[in-house]
file upload_19.cif (mmCIF, C-alpha atoms and all ligand atoms)
data_structure
loop_
_atom_site.label_atom_id
_atom_site.label_comp_id
_atom_site.auth_asym_id
_atom_site.auth_seq_id
_atom_site.Cartn_x
_atom_site.Cartn_y
_atom_site.Cartn_z
CA GLY K 1 -68.24 -23.17 -7.17
CA LEU K 2 -66.08 -23.13 -4.08
CA ALA K 3 -65.22 -19.44 -4.05
CA GLY K 4 -66.17 -17.84 -0.73
CA ARG K 5 -67.31 -21.09 0.87
CA VAL K 6 -66.29 -21.48 4.51
CA ALA K 7 -64.38 -24.72 5.09
CA LEU K 8 -63.33 -26.16 8.44
CA VAL K 9 -60.73 -28.92 8.12
CA THR K 10 -59.92 -30.59 11.43
CA GLY K 11 -56.30 -31.60 11.89
CA SER K 12 -55.19 -29.29 9.07
CA THR K 13 -51.90 -28.24 10.65
CA SER K 14 -50.28 -31.42 9.33
CA GLY K 15 -50.33 -34.19 6.75
CA ILE K 16 -53.53 -35.00 4.86
CA GLY K 17 -55.58 -32.24 6.51
CA LEU K 18 -53.06 -29.62 5.43
CA SER K 19 -53.08 -30.87 1.85
CA ILE K 20 -56.91 -30.66 1.87
CA ALA K 21 -56.78 -27.11 3.28
CA ARG K 22 -54.27 -26.17 0.56
CA ARG K 23 -56.49 -27.61 -2.16
CA LEU K 24 -59.63 -25.84 -0.87
CA ALA K 25 -57.67 -22.58 -0.48
CA ARG K 26 -56.63 -22.74 -4.15
CA GLY K 27 -60.34 -23.10 -4.96
CA GLY K 28 -61.06 -19.84 -3.14
CA CYS K 29 -62.53 -21.20 0.11
CA ARG K 30 -62.27 -19.32 3.37
CA ILE K 31 -60.26 -21.73 5.50
CA VAL K 32 -60.65 -22.49 9.18
CA LEU K 33 -57.40 -24.23 10.10
CA HIS K 34 -57.43 -26.52 13.10
CA GLY K 35 -54.97 -28.70 14.95
CA PHE K 36 -51.92 -28.65 17.20
CA GLY K 37 -48.85 -26.68 16.18
CA GLU K 38 -46.36 -23.95 17.02
CA THR K 39 -47.78 -20.42 16.91
CA ALA K 40 -45.22 -19.27 14.32
CA GLN K 41 -45.78 -22.32 12.09
CA ILE K 42 -49.56 -21.77 12.21
CA ALA K 43 -49.16 -18.06 11.35
CA ASP K 44 -47.01 -19.09 8.35
CA LEU K 45 -49.68 -21.55 7.22
CA GLU K 46 -52.41 -18.89 7.45
CA GLN K 47 -50.30 -16.57 5.27
CA GLU K 48 -49.51 -19.34 2.79
CA LEU K 49 -53.18 -20.27 2.37
CA MET K 50 -54.19 -16.65 1.82
CA HIS K 51 -51.44 -16.19 -0.76
CA SER K 52 -52.64 -19.28 -2.62
CA GLY K 53 -56.24 -18.07 -2.96
CA ALA K 54 -58.10 -18.24 0.35
CA PRO K 55 -59.83 -14.90 1.05
CA ASN K 56 -59.33 -15.72 4.71
CA ALA K 57 -57.44 -18.37 6.68
CA GLN K 58 -57.64 -18.45 10.44
CA HIS K 59 -56.69 -21.05 12.97
CA VAL K 60 -59.06 -22.15 15.72
CA MET K 61 -58.08 -24.65 18.39
CA ALA K 62 -59.99 -27.35 20.18
CA ASP K 63 -58.70 -30.50 21.78
CA LEU K 64 -61.03 -32.93 20.02
CA VAL K 65 -61.05 -35.22 23.05
CA GLN K 66 -63.15 -32.54 24.81
CA PRO K 67 -66.72 -32.08 23.47
CA ALA K 68 -66.95 -28.70 25.26
CA GLU K 69 -63.92 -27.48 23.31
CA ILE K 70 -65.51 -28.62 20.05
CA GLU K 71 -68.61 -26.60 20.94
CA ARG K 72 -66.46 -23.54 21.63
CA MET K 73 -64.67 -24.04 18.29
CA MET K 74 -67.96 -24.15 16.37
CA THR K 75 -69.16 -21.01 18.17
CA LYS K 76 -65.89 -19.34 17.13
CA VAL K 77 -66.47 -20.36 13.48
CA ILE K 78 -69.91 -18.71 13.57
CA GLU K 79 -68.39 -15.57 15.16
CA LEU K 80 -65.76 -15.42 12.42
CA HIS K 81 -67.86 -16.26 9.37
CA GLY K 82 -71.51 -16.60 10.33
CA ARG K 83 -71.73 -19.85 8.42
CA LEU K 84 -70.05 -23.19 7.70
CA ASP K 85 -70.36 -24.75 4.24
CA ILE K 86 -67.72 -27.46 4.21
CA LEU K 87 -66.71 -29.66 7.13
CA VAL K 88 -63.84 -32.09 6.70
CA ASN K 89 -63.43 -34.42 9.67
CA ASN K 90 -59.80 -35.34 9.17
CA ALA K 91 -58.01 -35.27 12.53
CA GLY K 92 -56.98 -38.72 13.63
CA ILE K 93 -54.54 -40.55 15.85
CA GLN K 94 -53.18 -44.08 15.90
CA HIS K 95 -51.79 -46.54 18.39
CA VAL K 96 -50.79 -50.12 17.65
CA ALA K 97 -50.80 -52.84 20.31
CA PRO K 98 -52.35 -56.27 20.81
CA LEU K 99 -55.83 -56.19 22.36
CA GLU K 100 -54.79 -57.65 25.71
CA ALA K 101 -52.12 -54.99 26.09
CA PHE K 102 -53.98 -52.09 24.51
CA PRO K 103 -53.76 -49.09 26.89
CA VAL K 104 -57.34 -48.25 27.92
CA GLU K 105 -56.50 -44.54 27.86
CA ARG K 106 -55.32 -44.87 24.19
CA TRP K 107 -58.54 -46.69 23.24
CA ASP K 108 -60.62 -43.85 24.73
CA ALA K 109 -58.54 -41.16 23.01
CA ILE K 110 -58.67 -42.85 19.58
CA LEU K 111 -62.44 -43.32 19.78
CA ALA K 112 -62.82 -39.69 20.91
CA VAL K 113 -60.65 -38.09 18.19
CA ASN K 114 -61.30 -40.45 15.25
CA LEU K 115 -65.02 -40.99 15.81
CA SER K 116 -66.82 -38.99 18.52
CA ALA K 117 -65.31 -35.66 17.39
CA ALA K 118 -66.89 -36.16 13.95
CA PHE K 119 -70.25 -36.76 15.64
CA HIS K 120 -69.90 -33.51 17.57
CA THR K 121 -68.74 -31.35 14.63
CA THR K 122 -71.45 -32.85 12.42
CA ARG K 123 -74.31 -32.35 14.88
CA LEU K 124 -73.20 -28.73 15.37
CA ALA K 125 -72.59 -28.04 11.65
CA LEU K 126 -75.85 -29.45 10.31
CA PRO K 127 -78.14 -26.64 11.58
CA LEU K 128 -75.80 -24.08 9.97
CA MET K 129 -75.78 -25.96 6.67
CA ARG K 130 -79.56 -26.40 6.72
CA GLN K 131 -79.94 -22.67 7.36
CA HIS K 132 -77.96 -21.92 4.15
CA HIS K 133 -79.45 -24.82 2.15
CA TRP K 134 -76.06 -26.24 1.16
CA GLY K 135 -73.35 -28.27 2.79
CA ARG K 136 -70.58 -30.79 2.31
CA ILE K 137 -69.31 -33.12 5.01
CA VAL K 138 -66.32 -35.29 4.19
CA ASN K 139 -65.02 -37.80 6.69
CA ILE K 140 -61.44 -39.01 6.32
CA ALA K 141 -61.73 -42.68 7.24
CA SER K 142 -59.16 -45.25 6.10
CA VAL K 143 -58.81 -48.67 4.55
CA SER K 144 -59.09 -49.60 8.23
CA GLY K 145 -62.74 -48.58 7.95
CA LEU K 146 -63.26 -51.36 5.40
CA VAL K 147 -60.86 -54.12 6.42
CA ALA K 148 -58.98 -54.91 9.62
CA ALA K 149 -55.41 -55.55 10.63
CA PRO K 150 -53.96 -56.98 13.84
CA MET K 151 -52.85 -54.49 16.53
CA LYS K 152 -55.27 -51.79 15.38
CA SER K 153 -58.38 -52.56 17.44
CA ALA K 154 -59.19 -48.96 18.41
CA TYR K 155 -58.30 -47.49 15.01
CA ALA K 156 -60.29 -50.08 13.04
CA ALA K 157 -63.27 -49.81 15.40
CA ALA K 158 -63.27 -46.01 15.14
CA LYS K 159 -62.86 -45.97 11.35
CA HIS K 160 -65.56 -48.61 10.81
CA GLY K 161 -67.73 -46.48 13.08
CA LEU K 162 -66.93 -43.36 11.09
CA LEU K 163 -68.25 -45.05 7.94
CA GLY K 164 -71.46 -45.87 9.83
CA LEU K 165 -71.79 -42.24 10.90
CA THR K 166 -71.16 -41.16 7.28
CA LYS K 167 -74.05 -43.32 6.04
CA VAL K 168 -76.50 -42.12 8.71
CA THR K 169 -75.55 -38.49 8.04
CA ALA K 170 -76.11 -39.07 4.32
CA LEU K 171 -79.53 -40.58 4.98
CA GLU K 172 -80.67 -37.81 7.32
CA THR K 173 -79.67 -35.19 4.72
CA ALA K 174 -80.69 -37.17 1.63
CA THR K 175 -83.44 -34.82 0.43
CA SER K 176 -81.36 -31.69 1.05
CA ALA K 177 -78.40 -30.08 -0.72
CA ILE K 178 -76.15 -31.33 2.06
CA THR K 179 -74.06 -34.43 1.36
CA CYS K 180 -71.82 -36.62 3.47
CA ASN K 181 -69.17 -38.98 2.12
CA ALA K 182 -66.00 -40.68 3.29
CA VAL K 183 -62.53 -41.15 1.86
CA CYS K 184 -60.62 -44.34 2.66
CA PRO K 185 -56.90 -43.82 2.02
CA GLY K 186 -54.31 -46.57 2.08
CA TRP K 187 -50.77 -45.75 3.26
CA VAL K 188 -49.90 -42.06 2.83
CA LEU K 189 -46.49 -40.81 4.00
CA THR K 190 -47.45 -38.25 6.66
CA PRO K 191 -46.01 -37.55 10.14
CA LEU K 192 -48.49 -40.15 11.49
CA VAL K 193 -47.04 -42.84 9.21
CA GLU K 194 -43.48 -41.56 9.63
CA ARG K 195 -43.80 -42.45 13.33
CA GLN K 196 -44.90 -46.00 12.39
CA LEU K 197 -42.01 -46.25 9.94
CA GLN K 198 -39.50 -45.19 12.61
CA ALA K 199 -41.03 -47.68 15.07
CA ARG K 200 -40.67 -50.46 12.53
CA MET K 201 -37.05 -49.56 11.78
CA ALA K 202 -36.31 -49.72 15.51
CA ALA K 203 -38.33 -52.88 16.22
CA ASP K 204 -37.12 -54.87 13.20
CA GLY K 205 -33.59 -53.42 13.10
CA VAL K 206 -33.91 -52.57 9.40
CA ASP K 207 -33.16 -49.51 7.28
CA ARG K 208 -35.73 -47.08 5.95
CA GLU K 209 -36.07 -48.78 2.57
CA GLU K 210 -36.71 -52.20 4.09
CA ALA K 211 -39.10 -50.76 6.71
CA THR K 212 -41.02 -49.06 3.89
CA ARG K 213 -41.19 -52.33 1.97
CA ARG K 214 -42.58 -54.11 5.05
CA LEU K 215 -45.07 -51.31 5.74
CA LEU K 216 -46.41 -51.46 2.18
CA VAL K 217 -46.67 -55.26 2.12
CA LYS K 218 -50.51 -55.09 2.02
CA GLN K 219 -50.63 -52.22 -0.49
CA PRO K 220 -50.37 -53.95 -3.91
CA SER K 221 -49.13 -50.80 -5.68
CA LYS K 222 -46.04 -50.87 -3.43
CA ALA K 223 -46.17 -47.08 -3.53
CA PHE K 224 -47.51 -44.54 -1.06
CA VAL K 225 -50.72 -42.71 -1.95
CA THR K 226 -49.82 -39.01 -2.19
CA LEU K 227 -51.29 -36.17 -0.15
CA GLU K 228 -52.50 -34.51 -3.36
CA GLN K 229 -54.34 -37.67 -4.45
CA VAL K 230 -56.35 -37.73 -1.23
CA ALA K 231 -57.09 -33.99 -1.47
CA ALA K 232 -58.28 -34.41 -5.08
CA LEU K 233 -60.93 -36.91 -3.98
CA VAL K 234 -62.10 -34.51 -1.27
CA ALA K 235 -62.26 -31.74 -3.90
CA TYR K 236 -64.60 -33.94 -5.94
CA PHE K 237 -66.86 -34.68 -2.94
CA VAL K 238 -67.24 -30.96 -2.13
CA SER K 239 -67.93 -30.00 -5.76
CA ASP K 240 -71.38 -29.19 -7.12
CA GLU K 241 -71.05 -32.15 -9.53
CA ALA K 242 -71.04 -34.52 -6.53
CA ALA K 243 -74.53 -33.41 -5.45
CA GLN K 244 -75.93 -36.96 -5.71
CA THR K 245 -72.84 -38.71 -4.39
CA ARG K 246 -74.13 -39.56 -0.92
CA GLY K 247 -73.04 -41.95 1.79
CA ALA K 248 -70.09 -43.21 -0.23
CA ALA K 249 -66.87 -44.67 1.16
CA TRP K 250 -64.34 -44.36 -1.64
CA ASN K 251 -60.91 -45.84 -1.44
CA VAL K 252 -57.71 -44.26 -2.70
CA ASP K 253 -55.46 -47.06 -1.62
CA GLY K 254 -53.16 -48.56 -4.26
CA ALA K 255 -55.54 -51.55 -4.50
CA TYR K 256 -55.20 -52.29 -0.75
CA THR K 257 -58.87 -53.30 -0.36
CA ALA K 258 -59.05 -55.05 -3.75
CA ALA K 259 -56.87 -57.89 -2.49
P1 LIG K 301 -51.02 -36.33 11.10
O1 LIG K 301 -50.53 -36.90 12.37
O2 LIG K 301 -50.03 -35.83 10.10
O3 LIG K 301 -52.06 -35.13 11.40
C1 LIG K 301 -53.06 -35.27 12.37
C2 LIG K 301 -53.73 -33.92 12.62
O4 LIG K 301 -54.73 -34.09 13.63
C3 LIG K 301 -52.76 -32.86 13.17
O5 LIG K 301 -53.11 -31.60 12.64
C4 LIG K 301 -53.03 -32.90 14.67
O6 LIG K 301 -52.73 -31.67 15.32
C5 LIG K 301 -54.52 -33.19 14.70
N1 LIG K 301 -54.95 -33.79 15.96
C6 LIG K 301 -54.59 -34.99 16.46
N2 LIG K 301 -55.16 -35.17 17.67
C7 LIG K 301 -55.90 -34.07 17.94
C8 LIG K 301 -56.72 -33.65 19.03
N3 LIG K 301 -56.89 -34.40 20.13
N4 LIG K 301 -57.31 -32.46 18.95
C9 LIG K 301 -57.14 -31.67 17.88
N5 LIG K 301 -56.37 -32.00 16.82
C10 LIG K 301 -55.77 -33.19 16.84
O7 LIG K 301 -51.97 -37.46 10.47
P2 LIG K 301 -52.37 -37.83 8.96
O8 LIG K 301 -51.61 -39.02 8.55
O9 LIG K 301 -52.37 -36.63 8.09
O10 LIG K 301 -53.86 -38.31 9.20
C11 LIG K 301 -55.01 -37.54 8.92
C12 LIG K 301 -56.22 -38.46 8.84
O11 LIG K 301 -56.05 -39.37 7.77
C13 LIG K 301 -56.44 -39.29 10.10
O12 LIG K 301 -57.83 -39.39 10.37
C14 LIG K 301 -55.90 -40.64 9.70
O13 LIG K 301 -56.48 -41.69 10.43
C15 LIG K 301 -56.27 -40.68 8.25
N6 LIG K 301 -55.50 -41.63 7.44
C16 LIG K 301 -54.15 -41.53 7.33
C17 LIG K 301 -53.48 -42.46 6.55
C18 LIG K 301 -51.99 -42.41 6.36
O14 LIG K 301 -51.43 -43.34 5.78
N7 LIG K 301 -51.32 -41.34 6.77
C19 LIG K 301 -54.18 -43.49 5.92
C20 LIG K 301 -55.55 -43.57 6.06
C21 LIG K 301 -56.21 -42.63 6.83
#

call {"tool": "encode", "arguments": {"input": "upload_19.cif", "output": "structure tokens"}}
result
Amino acid sequence: GLAGRVALVTGSTSGIGLSIARRLARGGCRIVLHGFGETAQIADLEQELMHSGAPNAQHVMADLVQPAEIERMMTKVIELHGRLDILVNNAGIQHVAPLEAFPVERWDAILAVNLSAAFHTTRLALPLMRQHHWGRIVNIASVSGLVAAPMKSAYAAAKHGLLGLTKVTALETATSAITCNAVCPGWVLTPLVERQLQARMAADGVDREEATRRLLVKQPSKAFVTLEQVAALVAYFVSDEAAQTRGAAWNVDGAYTAA
């Protein structure tokens, strides 16, 4: 079971990461919260997670663009708990622009946060997991890891790369009780997508309903995937029943990638 497991969820101060932290807390995991946020809001989240079942919930910070900060974060996790059982690489950022006009600095940041950070957390977590003969690594990719869309060169490159990293991690751990899998969500209404919705309303001069319709044009369900639906898939991947689910990239996407 999950009770007492130590789970680090990157980018868990918001959106999908927070819903995953909430789900793992209800299962009795000790939660390491991570991500940007106001001190008071983070303190509230720690309290909330402990009330809902986490024996411990503590925030650690690292700017994922900086490998040295990731190393310090992992050291902090060991200081706090002496182990790490579950690693969810969830933090991610987006920027949309045509290739010729794509800001080089945004490309570097997206590759760093959405891909390289997962390499760093994984390489630092694996020795801890091997030491305790159990581990679960879940990478939050995207439908953009499986198919592409214009204007998303950095995001699609990073998410395709993250699926490659997922497969290699699964292979290098294949004979152990450590697994690595990826989740590929379609459109989920989080602050990240809210910003894209607002941008579309402004750019197209349309209201929220019409902007939503345009955003979901490639999602055949015409409905957002919910935060809880993504967290439920993560809960399966970290379960004992998923012991032989390895190197998978499973979509929860309203049939986005079926089309
Ligand atoms: P969000 O913007 O709500 O949350 C992102 C989290 O990452 C926040 O906690 C933020 O503080 C953290 N973060 C961002 N940059 C960071 C940095 N440099 N250092 C440390 N922390 C950083 O986003 P979300 O929509 O919940 O997205 C979470 C993940 O799900 C991302 O990897 C995203 O690509 C993926 N995803 C989202 C959708 C969607 O529709 N929302 C769809 C598919 C995949």

call {"tool": "residues_around", "arguments": {"input": "upload_19.cif", "residues": "Ala232 of chain K", "least_positions_apart": "5", "cutoff": "10 Å", "atoms": "all atoms listed in the file", "output": "NGL selection string"}}
result
:K and (19-20 or 23-24 or 227 or 237)

call {"tool": "residues_near_ligand", "arguments": {"input": "upload_19.cif", "ligand": "ligand LIG 301 (chain K)", "cutoff": "7 Å", "atoms": "all atoms listed in the file", "output": "VMD selection string"}}
result
chain K and resid 10 to 17 34 to 37 62 to 65 90 to 94 113 to 114 140 to 143 184 to 193

call {"tool": "residues_around", "arguments": {"input": "upload_19.cif", "residues": "Arg72 of chain K", "least_positions_apart": "6", "cutoff": "12 Å", "atoms": "only C-alpha atoms", "output": "list in words"}}
result
Val60, Met61, Ala62, Asp63, Leu64, Gln66, Ile78, Glu79, His120, Thr121 and Leu124 of chain K

call {"tool": "atom_distance", "arguments": {"input": "upload_19.cif", "atom1": "atom CA of Phe224 of chain K", "atom2": "atom CA of Ala255 of chain K"}}
result
11.2 Å

call {"tool": "closest_residue", "arguments": {"input": "upload_19.cif", "among": "K:Ala258, K:Ala177, K:Ile137, K:Ala57", "to": "Pro220 of chain K", "atoms": "all atoms listed in the file"}}
result
K:Ala258

call {"tool": "atom_distance", "arguments": {"input": "upload_19.cif", "atom1": "atom CA of Lys76 of chain K", "atom2": "atom CA of Glu172 of chain K"}}
result
25.6 Å

call {"tool": "atom_distance", "arguments": {"input": "upload_19.cif", "atom1": "atom CA of Thr175 of chain K", "atom2": "atom CA of Leu8 of chain K"}}
result
23.3 Å

call {"tool": "closest_residue", "arguments": {"input": "upload_19.cif", "among": "K:Arg83, K:Val147, K:His59, K:Val217", "to": "Gln41 of chain K", "atoms": "only C-alpha atoms"}}
result
K:His59

call {"tool": "closest_residue", "arguments": {"input": "upload_19.cif", "among": "K:Ala174, K:Pro127, K:Leu115, K:Asn181", "to": "Lys159 of chain K", "atoms": "only C-alpha atoms"}}
result
K:Leu115
